[in-house]
$ cat structure.cif   # mmCIF, C-alpha atoms
data_data
loop_
_atom_site.group_PDB
_atom_site.id
_atom_site.type_symbol
_atom_site.label_atom_id
_atom_site.label_comp_id
_atom_site.auth_asym_id
_atom_site.auth_seq_id
_atom_site.Cartn_x
_atom_site.Cartn_y
_atom_site.Cartn_z
ATOM 1 C CA MET A 178 -90.118 6.779 -83.744
ATOM 2 C CA ASN A 179 -91.028 5.598 -87.227
ATOM 3 C CA ASP A 180 -93.442 2.895 -88.394
ATOM 4 C CA ALA A 181 -96.394 4.172 -86.424
ATOM 5 C CA GLY A 182 -98.712 1.452 -85.182
ATOM 6 C CA GLU A 183 -102.223 1.167 -86.521
ATOM 7 C CA GLY A 184 -104.710 3.559 -84.969
ATOM 8 C CA ARG A 185 -102.245 6.386 -84.280
ATOM 9 C CA GLU A 186 -100.798 8.928 -86.651
ATOM 10 C CA PRO A 187 -97.043 9.536 -86.465
ATOM 11 C CA HIS A 188 -96.164 12.911 -84.997
ATOM 12 C CA LYS A 189 -95.104 15.393 -87.615
ATOM 13 C CA GLY A 190 -91.447 16.172 -87.076
ATOM 14 C CA SER A 191 -91.001 13.851 -84.061
ATOM 15 C CA ALA A 192 -88.687 11.478 -85.945
ATOM 16 C CA SER A 193 -86.235 14.330 -86.472
ATOM 17 C CA LEU A 194 -85.950 15.109 -82.753
ATOM 18 C CA SER A 195 -82.785 14.045 -80.996
ATOM 19 C CA PRO A 196 -82.919 11.880 -77.852
ATOM 20 C CA SER A 197 -81.890 14.972 -75.887
ATOM 21 C CA GLN A 198 -84.814 16.979 -77.243
ATOM 22 C CA GLN A 199 -87.184 14.125 -76.478
ATOM 23 C CA ASP A 200 -85.798 13.959 -72.937
ATOM 24 C CA TYR A 201 -86.529 17.645 -72.407
ATOM 25 C CA LEU A 202 -90.120 17.256 -73.593
ATOM 26 C CA LYS A 203 -90.599 14.239 -71.327
ATOM 27 C CA GLN A 204 -89.150 15.967 -68.265
ATOM 28 C CA ILE A 205 -91.236 19.093 -68.861
ATOM 29 C CA PHE A 206 -94.312 16.899 -69.018
ATOM 30 C CA LEU A 207 -93.397 14.937 -65.871
ATOM 31 C CA LEU A 208 -92.612 18.067 -63.839
ATOM 32 C CA ASN A 209 -95.853 19.761 -64.828
ATOM 33 C CA ASP A 210 -97.805 16.528 -64.307
ATOM 34 C CA ALA A 211 -96.445 16.386 -60.746
ATOM 35 C CA SER A 212 -97.489 20.041 -60.233
ATOM 36 C CA GLN A 213 -93.884 21.063 -59.593
ATOM 37 C CA GLY A 214 -93.603 23.407 -62.564
ATOM 38 C CA ALA A 215 -90.974 22.925 -65.265
ATOM 39 C CA THR A 216 -88.617 25.738 -64.310
ATOM 40 C CA THR A 217 -85.149 26.146 -65.778
ATOM 41 C CA GLN A 218 -83.540 25.162 -62.463
ATOM 42 C CA LEU A 219 -85.638 22.015 -62.002
ATOM 43 C CA LEU A 220 -85.014 20.946 -65.584
ATOM 44 C CA ALA A 221 -81.274 21.465 -65.092
ATOM 45 C CA GLU A 222 -81.368 19.241 -61.985
ATOM 46 C CA ARG A 223 -83.456 16.537 -63.677
ATOM 47 C CA ILE A 224 -81.370 16.379 -66.844
ATOM 48 C CA GLY A 225 -78.003 17.020 -65.215
ATOM 49 C CA VAL A 226 -76.897 20.102 -67.136
ATOM 50 C CA ARG A 227 -76.277 23.772 -66.409
ATOM 51 C CA PRO A 228 -79.227 26.211 -66.455
ATOM 52 C CA ALA A 229 -77.637 27.999 -69.433
ATOM 53 C CA SER A 230 -77.829 24.768 -71.438
ATOM 54 C CA VAL A 231 -81.518 24.423 -70.536
ATOM 55 C CA THR A 232 -82.200 27.960 -71.716
ATOM 56 C CA GLY A 233 -80.589 27.244 -75.075
ATOM 57 C CA MET A 234 -82.528 24.007 -75.581
ATOM 58 C CA LEU A 235 -85.844 25.607 -74.618
ATOM 59 C CA LYS A 236 -85.250 28.311 -77.184
ATOM 60 C CA ARG A 237 -84.776 25.677 -79.896
ATOM 61 C CA LEU A 238 -87.842 23.737 -78.794
ATOM 62 C CA ALA A 239 -89.898 26.931 -78.841
ATOM 63 C CA GLU A 240 -88.746 27.619 -82.400
ATOM 64 C CA GLU A 241 -89.962 24.113 -83.304
ATOM 65 C CA GLY A 242 -93.387 24.938 -81.843
ATOM 66 C CA LEU A 243 -93.056 22.349 -79.080
ATOM 67 C CA VAL A 244 -92.944 24.535 -75.951
ATOM 68 C CA GLU A 245 -94.255 27.877 -74.786
ATOM 69 C CA ARG A 246 -92.002 30.140 -72.741
ATOM 70 C CA ALA A 247 -92.524 33.274 -70.677
ATOM 71 C CA PRO A 248 -89.910 35.185 -68.646
ATOM 72 C CA TYR A 249 -89.565 33.968 -65.040
ATOM 73 C CA ARG A 250 -92.288 31.343 -65.466
ATOM 74 C CA ALA A 251 -92.386 27.592 -65.863
ATOM 75 C CA VAL A 252 -92.281 26.323 -69.440
ATOM 76 C CA HIS A 253 -95.300 24.534 -70.904
ATOM 77 C CA LEU A 254 -95.713 22.109 -73.786
ATOM 78 C CA THR A 255 -97.748 22.922 -76.847
ATOM 79 C CA GLU A 256 -100.297 20.336 -77.956
ATOM 80 C CA THR A 257 -97.756 18.841 -80.365
ATOM 81 C CA GLY A 258 -95.025 18.850 -77.726
ATOM 82 C CA ARG A 259 -97.304 17.175 -75.209
ATOM 83 C CA ARG A 260 -98.244 14.356 -77.585
ATOM 84 C CA ILE A 261 -94.595 13.627 -78.305
ATOM 85 C CA ALA A 262 -93.795 13.702 -74.572
ATOM 86 C CA VAL A 263 -96.662 11.356 -73.682
ATOM 87 C CA GLU A 264 -95.568 8.953 -76.420
ATOM 88 C CA ILE A 265 -92.072 8.830 -74.929
ATOM 89 C CA VAL A 266 -93.600 8.256 -71.486
ATOM 90 C CA ARG A 267 -95.624 5.372 -72.964
ATOM 91 C CA HIS A 268 -92.477 3.878 -74.503
ATOM 92 C CA HIS A 269 -90.615 4.202 -71.203
ATOM 93 C CA ARG A 270 -93.255 2.681 -68.952
ATOM 94 C CA LEU A 271 -94.119 -0.114 -71.366
ATOM 95 C CA LEU A 272 -90.441 -0.981 -71.574
ATOM 96 C CA GLU A 273 -90.166 -1.025 -67.787
ATOM 97 C CA ALA A 274 -93.091 -3.459 -67.625
ATOM 98 C CA PHE A 275 -91.550 -5.598 -70.398
ATOM 99 C CA LEU A 276 -88.126 -5.704 -68.770
ATOM 100 C CA SER A 277 -89.640 -6.614 -65.415
ATOM 101 C CA ARG A 278 -92.244 -9.167 -66.457
ATOM 102 C CA THR A 279 -90.538 -10.807 -69.434
ATOM 103 C CA LEU A 280 -86.798 -10.445 -68.965
ATOM 104 C CA GLY A 281 -86.652 -10.739 -65.190
ATOM 105 C CA TYR A 282 -85.176 -7.318 -64.408
ATOM 106 C CA ARG A 283 -85.593 -6.080 -60.850
ATOM 107 C CA TRP A 284 -87.848 -3.065 -60.421
ATOM 108 C CA ASP A 285 -84.854 -0.949 -59.379
ATOM 109 C CA GLU A 286 -83.003 -1.850 -62.630
ATOM 110 C CA VAL A 287 -85.631 -1.133 -65.283
ATOM 111 C CA HIS A 288 -85.482 2.676 -65.334
ATOM 112 C CA GLU A 289 -81.958 3.041 -66.672
ATOM 113 C CA GLU A 290 -82.518 0.452 -69.431
ATOM 114 C CA ALA A 291 -85.836 2.033 -70.437
ATOM 115 C CA GLU A 292 -84.184 5.467 -70.590
ATOM 116 C CA ALA A 293 -81.824 4.196 -73.279
ATOM 117 C CA LEU A 294 -84.391 2.221 -75.283
ATOM 118 C CA GLU A 295 -87.358 4.603 -75.228
ATOM 119 C CA HIS A 296 -85.924 6.755 -78.037
ATOM 120 C CA VAL A 297 -85.188 3.997 -80.522
ATOM 121 C CA ILE A 298 -88.121 1.586 -80.522
ATOM 122 C CA SER A 299 -90.602 1.781 -83.391
ATOM 123 C CA GLU A 300 -94.351 2.071 -82.951
ATOM 124 C CA ARG A 301 -94.635 -1.488 -84.292
ATOM 125 C CA PHE A 302 -92.302 -2.732 -81.556
ATOM 126 C CA GLU A 303 -94.288 -0.741 -78.993
ATOM 127 C CA GLN A 304 -97.500 -2.342 -80.223
ATOM 128 C CA LYS A 305 -96.012 -5.858 -80.056
ATOM 129 C CA VAL A 306 -94.810 -5.284 -76.484
ATOM 130 C CA ALA A 307 -98.236 -3.999 -75.457
ATOM 131 C CA GLU A 308 -99.936 -7.041 -76.998
ATOM 132 C CA LEU A 309 -97.476 -9.445 -75.348
ATOM 133 C CA LEU A 310 -98.203 -7.905 -71.944
ATOM 134 C CA ALA A 311 -101.998 -7.727 -72.553
ATOM 135 C CA ASP A 312 -101.985 -3.915 -72.612
ATOM 136 C CA PRO A 313 -100.821 -3.181 -69.051
ATOM 137 C CA ASP A 314 -102.040 0.037 -67.463
ATOM 138 C CA ARG A 315 -99.237 0.336 -64.862
ATOM 139 C CA ASP A 316 -95.473 -0.069 -64.852
ATOM 140 C CA PRO A 317 -93.572 -1.850 -62.019
ATOM 141 C CA HIS A 318 -93.593 1.322 -59.894
ATOM 142 C CA GLY A 319 -97.350 1.798 -60.294
ATOM 143 C CA ASP A 320 -97.047 4.717 -62.717
ATOM 144 C CA PRO A 321 -99.893 4.802 -65.257
ATOM 145 C CA ILE A 322 -99.021 3.800 -68.826
ATOM 146 C CA PRO A 323 -100.614 6.011 -71.504
ATOM 147 C CA THR A 324 -102.915 4.178 -73.896
ATOM 148 C CA ARG A 325 -102.140 3.650 -77.596
ATOM 149 C CA GLU A 326 -104.253 6.760 -78.230
ATOM 150 C CA LEU A 327 -101.988 8.609 -75.724
ATOM 151 C CA ALA A 328 -104.687 9.081 -73.100
ATOM 152 C CA LEU A 329 -103.195 9.135 -69.610
ATOM 153 C CA LYS A 330 -105.150 8.035 -66.551
ATOM 154 C CA GLU A 331 -105.269 10.642 -63.803
ATOM 155 C CA ASP A 332 -104.381 9.612 -60.251
ATOM 156 C CA GLU A 333 -106.175 12.431 -58.463
ATOM 157 C CA HIS A 334 -107.746 9.951 -56.027
ATOM 158 C CA LEU A 335 -104.332 8.983 -54.650
ATOM 159 C CA THR A 336 -102.822 10.718 -51.602
ATOM 160 C CA THR A 337 -99.197 10.818 -50.515
ATOM 161 C CA LEU A 338 -98.504 8.773 -47.403
ATOM 162 C CA ALA A 339 -96.923 11.849 -45.801
ATOM 163 C CA LEU A 340 -100.332 13.577 -45.654
ATOM 164 C CA LEU A 341 -102.347 10.751 -44.086
ATOM 165 C CA PRO A 342 -103.519 11.136 -40.458
ATOM 166 C CA LYS A 343 -103.311 8.476 -37.753
ATOM 167 C CA GLY A 344 -105.793 5.663 -38.270
ATOM 168 C CA SER A 345 -105.846 5.942 -42.068
ATOM 169 C CA ARG A 346 -105.897 2.687 -44.003
ATOM 170 C CA GLY A 347 -105.308 2.071 -47.662
ATOM 171 C CA THR A 348 -103.251 0.436 -50.378
ATOM 172 C CA ILE A 349 -100.018 1.701 -51.877
ATOM 173 C CA ARG A 350 -100.490 2.214 -55.621
ATOM 174 C CA ARG A 351 -97.473 4.219 -56.826
ATOM 175 C CA VAL A 352 -93.851 4.736 -55.838
ATOM 176 C CA THR A 353 -92.640 7.952 -57.471
ATOM 177 C CA LEU A 354 -88.929 7.234 -57.126
ATOM 178 C CA GLN A 355 -86.255 5.938 -59.494
ATOM 179 C CA ASP A 356 -83.203 6.011 -57.224
ATOM 180 C CA GLN A 357 -81.960 2.443 -56.732
ATOM 181 C CA ASP A 358 -81.091 2.848 -53.038
ATOM 182 C CA ALA A 359 -84.527 4.314 -52.285
ATOM 183 C CA LEU A 360 -86.296 1.558 -54.255
ATOM 184 C CA ASN A 361 -84.282 -1.087 -52.403
ATOM 185 C CA LEU A 362 -85.417 0.443 -49.103
ATOM 186 C CA VAL A 363 -89.052 0.458 -50.260
ATOM 187 C CA GLU A 364 -88.736 -3.223 -51.150
ATOM 188 C CA ARG A 365 -87.094 -4.137 -47.839
ATOM 189 C CA LEU A 366 -89.915 -2.381 -45.994
ATOM 190 C CA ASP A 367 -92.458 -4.314 -48.104
ATOM 191 C CA LEU A 368 -94.080 -1.123 -49.398
ATOM 192 C CA LEU A 369 -94.475 -2.215 -53.014
ATOM 193 C CA PRO A 370 -97.583 -1.257 -55.021
ATOM 194 C CA GLY A 371 -100.523 -3.364 -53.866
ATOM 195 C CA ARG A 372 -99.446 -3.515 -50.200
ATOM 196 C CA ALA A 373 -102.145 -2.687 -47.616
ATOM 197 C CA ILE A 374 -101.010 -0.283 -44.892
ATOM 198 C CA GLU A 375 -102.342 1.443 -41.772
ATOM 199 C CA VAL A 376 -101.008 4.679 -40.273
ATOM 200 C CA ALA A 377 -100.204 4.013 -36.615
ATOM 201 C CA GLY A 378 -98.974 7.529 -35.918
ATOM 202 C CA THR A 379 -97.405 10.674 -37.350
ATOM 203 C CA HIS A 380 -94.132 12.226 -36.219
ATOM 204 C CA PRO A 381 -92.018 15.214 -37.309
ATOM 205 C CA ASP A 382 -89.465 12.874 -38.885
ATOM 206 C CA GLY A 383 -91.816 10.353 -40.472
ATOM 207 C CA ILE A 384 -94.915 8.168 -40.485
ATOM 208 C CA SER A 385 -95.355 5.133 -38.232
ATOM 209 C CA LEU A 386 -96.890 2.299 -40.267
ATOM 210 C CA LEU A 387 -98.472 -1.053 -39.600
ATOM 211 C CA VAL A 388 -97.648 -3.403 -42.485
ATOM 212 C CA GLY A 389 -98.298 -7.133 -42.438
ATOM 213 C CA GLY A 390 -98.092 -7.329 -38.639
ATOM 214 C CA SER A 391 -94.946 -5.200 -38.376
ATOM 215 C CA ARG A 392 -94.663 -1.612 -37.184
ATOM 216 C CA PHE A 393 -91.907 0.744 -38.287
ATOM 217 C CA LEU A 394 -91.179 4.391 -39.070
ATOM 218 C CA VAL A 395 -91.086 5.530 -42.707
ATOM 219 C CA PRO A 396 -88.864 8.623 -43.172
ATOM 220 C CA ALA A 397 -90.805 11.732 -44.169
ATOM 221 C CA LEU A 398 -88.867 12.152 -47.432
ATOM 222 C CA LEU A 399 -89.738 8.595 -48.463
ATOM 223 C CA ALA A 400 -93.364 8.890 -47.358
ATOM 224 C CA ALA A 401 -93.806 11.844 -49.730
ATOM 225 C CA HIS A 402 -93.106 9.504 -52.672
ATOM 226 C CA LEU A 403 -95.584 6.768 -51.733
ATOM 227 C CA LEU A 404 -99.062 7.323 -53.191
ATOM 228 C CA VAL A 405 -101.921 5.605 -51.412
ATOM 229 C CA ASP A 406 -105.466 4.676 -52.381
ATOM 230 C CA VAL A 407 -107.155 5.501 -49.069
ATOM 231 C CA ALA A 408 -109.912 3.182 -47.858
ATOM 232 C CA PRO A 409 -113.134 4.870 -46.735
ATOM 233 C CA HIS A 410 -113.573 5.130 -42.982
ATOM 234 C CA PRO A 411 -115.856 2.357 -41.702
ATOM 235 C CA SER A 412 -118.218 4.885 -40.134
ATOM 236 C CA SER A 413 -118.691 6.623 -43.497
ATOM 237 C CA ALA A 414 -118.965 3.523 -45.657
ATOM 238 C CA GLN A 415 -122.646 2.953 -44.807
ATOM 239 C CA PRO A 416 -125.203 5.527 -43.644
ATOM 240 C CA LYS A 417 -126.432 5.100 -40.077
ATOM 241 C CA THR A 418 -129.981 3.744 -39.787
ATOM 242 C CA ARG A 419 -132.640 4.035 -37.136
ATOM 243 C CA GLU A 420 -132.934 0.834 -35.145
ATOM 244 C CA GLY A 421 -135.600 -1.444 -36.561
ATOM 245 C CA THR A 422 -136.435 0.771 -39.565
ATOM 246 C CA GLY A 423 -133.465 0.448 -41.907
ATOM 247 C CA ARG A 424 -133.965 4.113 -42.784
ATOM 248 C CA PRO A 425 -131.012 6.501 -42.913
ATOM 249 C CA VAL A 426 -130.617 8.909 -39.998
ATOM 250 C CA ALA A 427 -130.861 12.508 -41.226
ATOM 251 C CA HIS A 428 -127.792 14.655 -40.604
ATOM 252 C CA GLU A 429 -128.365 17.196 -37.869
ATOM 253 C CA GLN A 430 -128.028 20.780 -39.045
#
$ encode --input "structure.cif" --output "structure tokens"
Amino acid sequence: MNDAGEGREPHKGSASLSPSQQDYLKQIFLLNDASQGATTQLLAERIGVRPASVTGMLKRLAEEGLVERAPYRAVHLTETGRRIAVEIVRHHRLLEAFLSRTLGYRWDEVHEEAEALEHVISERFEQKVAELLADPDRDPHGDPIPTRELALKEDEHLTTLALLPKGSRGTIRRVTLQDQDALNLVERLDLLPGRAIEVAGTHPDGISLLVGGSRFLVPALLAAHLLVDVAPHPSSAQPKTREGTGRPVAHEQ
């Protein structure tokens, strides 16, 4: 990650990190960002290694001042570690947008390519890609792209589809999956980011949706990975008024 673009200082020591070390920092960030907690077991599952290998890597990253560890607790990034992780996330999501918009990759193909390229592009290349795409703020899956200054937009206003009650309406904004089969299913169901949906009912095994005139059941496991921008209920969008006055009706205590 050399040749830092204008407006951002290169991270001290980041160029000497291996792709594996960068992957660990990124996965720690993503797990903590999703409020799952970057435990040794979860990191082992995400990266595809044994827990003992995770323990060894975390020890090295702690010695580099990039993570903070405590027995039996999730690992956390230091300020330096977080900045490196967010930069890798920016590389990854920008590359996904570039591959999709410019090179014609399908949205279920971009993740694997971006995983390989995110470690080797320069900051100058990153800047050129951002300029070519007019500084996008979302990747093809709806995930927010950190800014050049490594600020990351929070999505606290989004709610998982699995938690929405019957009658809820909104727009899908993010799909937090990378598995190709799952993404293909999302596409076949027409649940891509930007699609308006309405919850027709909730069931133990999934959510019944109305989408573009069709009704179908979304499995519960899939619904948990669809983040929705919920529309305000019509009755709460405007305050009630007294007939003929236009004045709001006071809430009864």
$ residues_around --input "structure.cif" --residues "Lys330 of chain A" --least-positions-apart "5" --cutoff "10 Å" --atoms "all atoms listed in the file" --output "ChimeraX atom specification"
/A:314-315,320-324
$ atom_distance --input "structure.cif" --atom1 "atom CA of His288 of chain A" --atom2 "atom CA of Leu272 of chain A"
8.8 Å
$ closest_residue --input "structure.cif" --among "A:Pro409, A:Gln304, A:Lys343, A:Asp285" --to "Leu360 of chain A" --atoms "only C-alpha atoms"
A:Asp285
$ closest_residue --input "structure.cif" --among "A:Leu404, A:Arg223, A:Pro317, A:Glu241" --to "Tyr282 of chain A" --atoms "only C-alpha atoms"
A:Pro317
$ resolve_selection --input "structure.cif" --expression "the PyMOL selection byres ((chain A and resi 367-381) around 6)" --output "mmCIF file with C-alpha atoms, in the coordinates of the input"
data_model
loop_
_atom_site.group_PDB
_atom_site.id
_atom_site.type_symbol
_atom_site.label_atom_id
_atom_site.label_comp_id
_atom_site.auth_asym_id
_atom_site.auth_seq_id
_atom_site.Cartn_x
_atom_site.Cartn_y
_atom_site.Cartn_z
ATOM 1 C CA LYS A 343 -103.311 8.476 -37.753
ATOM 2 C CA GLY A 344 -105.793 5.663 -38.270
ATOM 3 C CA SER A 345 -105.846 5.942 -42.068
ATOM 4 C CA ARG A 346 -105.897 2.687 -44.003
ATOM 5 C CA GLY A 347 -105.308 2.071 -47.662
ATOM 6 C CA THR A 348 -103.251 0.436 -50.378
ATOM 7 C CA ILE A 349 -100.018 1.701 -51.877
ATOM 8 C CA ARG A 350 -100.490 2.214 -55.621
ATOM 9 C CA ARG A 351 -97.473 4.219 -56.826
ATOM 10 C CA VAL A 363 -89.052 0.458 -50.260
ATOM 11 C CA GLU A 364 -88.736 -3.223 -51.150
ATOM 12 C CA ARG A 365 -87.094 -4.137 -47.839
ATOM 13 C CA LEU A 366 -89.915 -2.381 -45.994
ATOM 14 C CA ASP A 382 -89.465 12.874 -38.885
ATOM 15 C CA GLY A 383 -91.816 10.353 -40.472
ATOM 16 C CA ILE A 384 -94.915 8.168 -40.485
ATOM 17 C CA SER A 385 -95.355 5.133 -38.232
ATOM 18 C CA LEU A 386 -96.890 2.299 -40.267
ATOM 19 C CA LEU A 387 -98.472 -1.053 -39.600
ATOM 20 C CA VAL A 388 -97.648 -3.403 -42.485
#
$ closest_residue --input "structure.cif" --among "A:Arg283, A:Gln199, A:Thr336, A:Val244" --to "His269 of chain A" --atoms "all atoms listed in the file"
A:Gln199
$ atom_distance --input "structure.cif" --atom1 "atom CA of Gln198 of chain A" --atom2 "atom CA of Ile224 of chain A"
11.0 Å
$ axis_aligned_box --input "structure.cif" --around "segment 353-372 of chain A" --padding-each-side "5 Å" --output "AutoDock Vina command-line options"
--center_x -90.8 --center_y 1.8 --center_z -52.7 --size_x 29.4 --size_y 22.3 --size_z 23.5
$ atom_distance --input "structure.cif" --atom1 "atom CA of Leu238 of chain A" --atom2 "atom CA of Gln213 of chain A"
20.3 Å
$ resolve_selection --input "structure.cif" --expression "the PyMOL selection byres ((chain A and resi 252) around 9)" --output "ChimeraX atom specification"
/A:205,209,214-217,235,244-247,250-251,253-254
$ closest_residue --input "structure.cif" --among "A:Val297, A:Ala328, A:Leu202, A:Leu208" --to "Glu222 of chain A" --atoms "only C-alpha atoms"
A:Leu208
$ closest_residue --input "structure.cif" --among "A:Leu329, A:Thr255, A:Leu310, A:Ser230" --to "Gly242 of chain A" --atoms "all atoms listed in the file"
A:Thr255
$ closest_residue --input "structure.cif" --among "A:Lys236, A:Arg301, A:Arg227, A:His334" --to "Val407 of chain A" --atoms "all atoms listed in the file"
A:His334
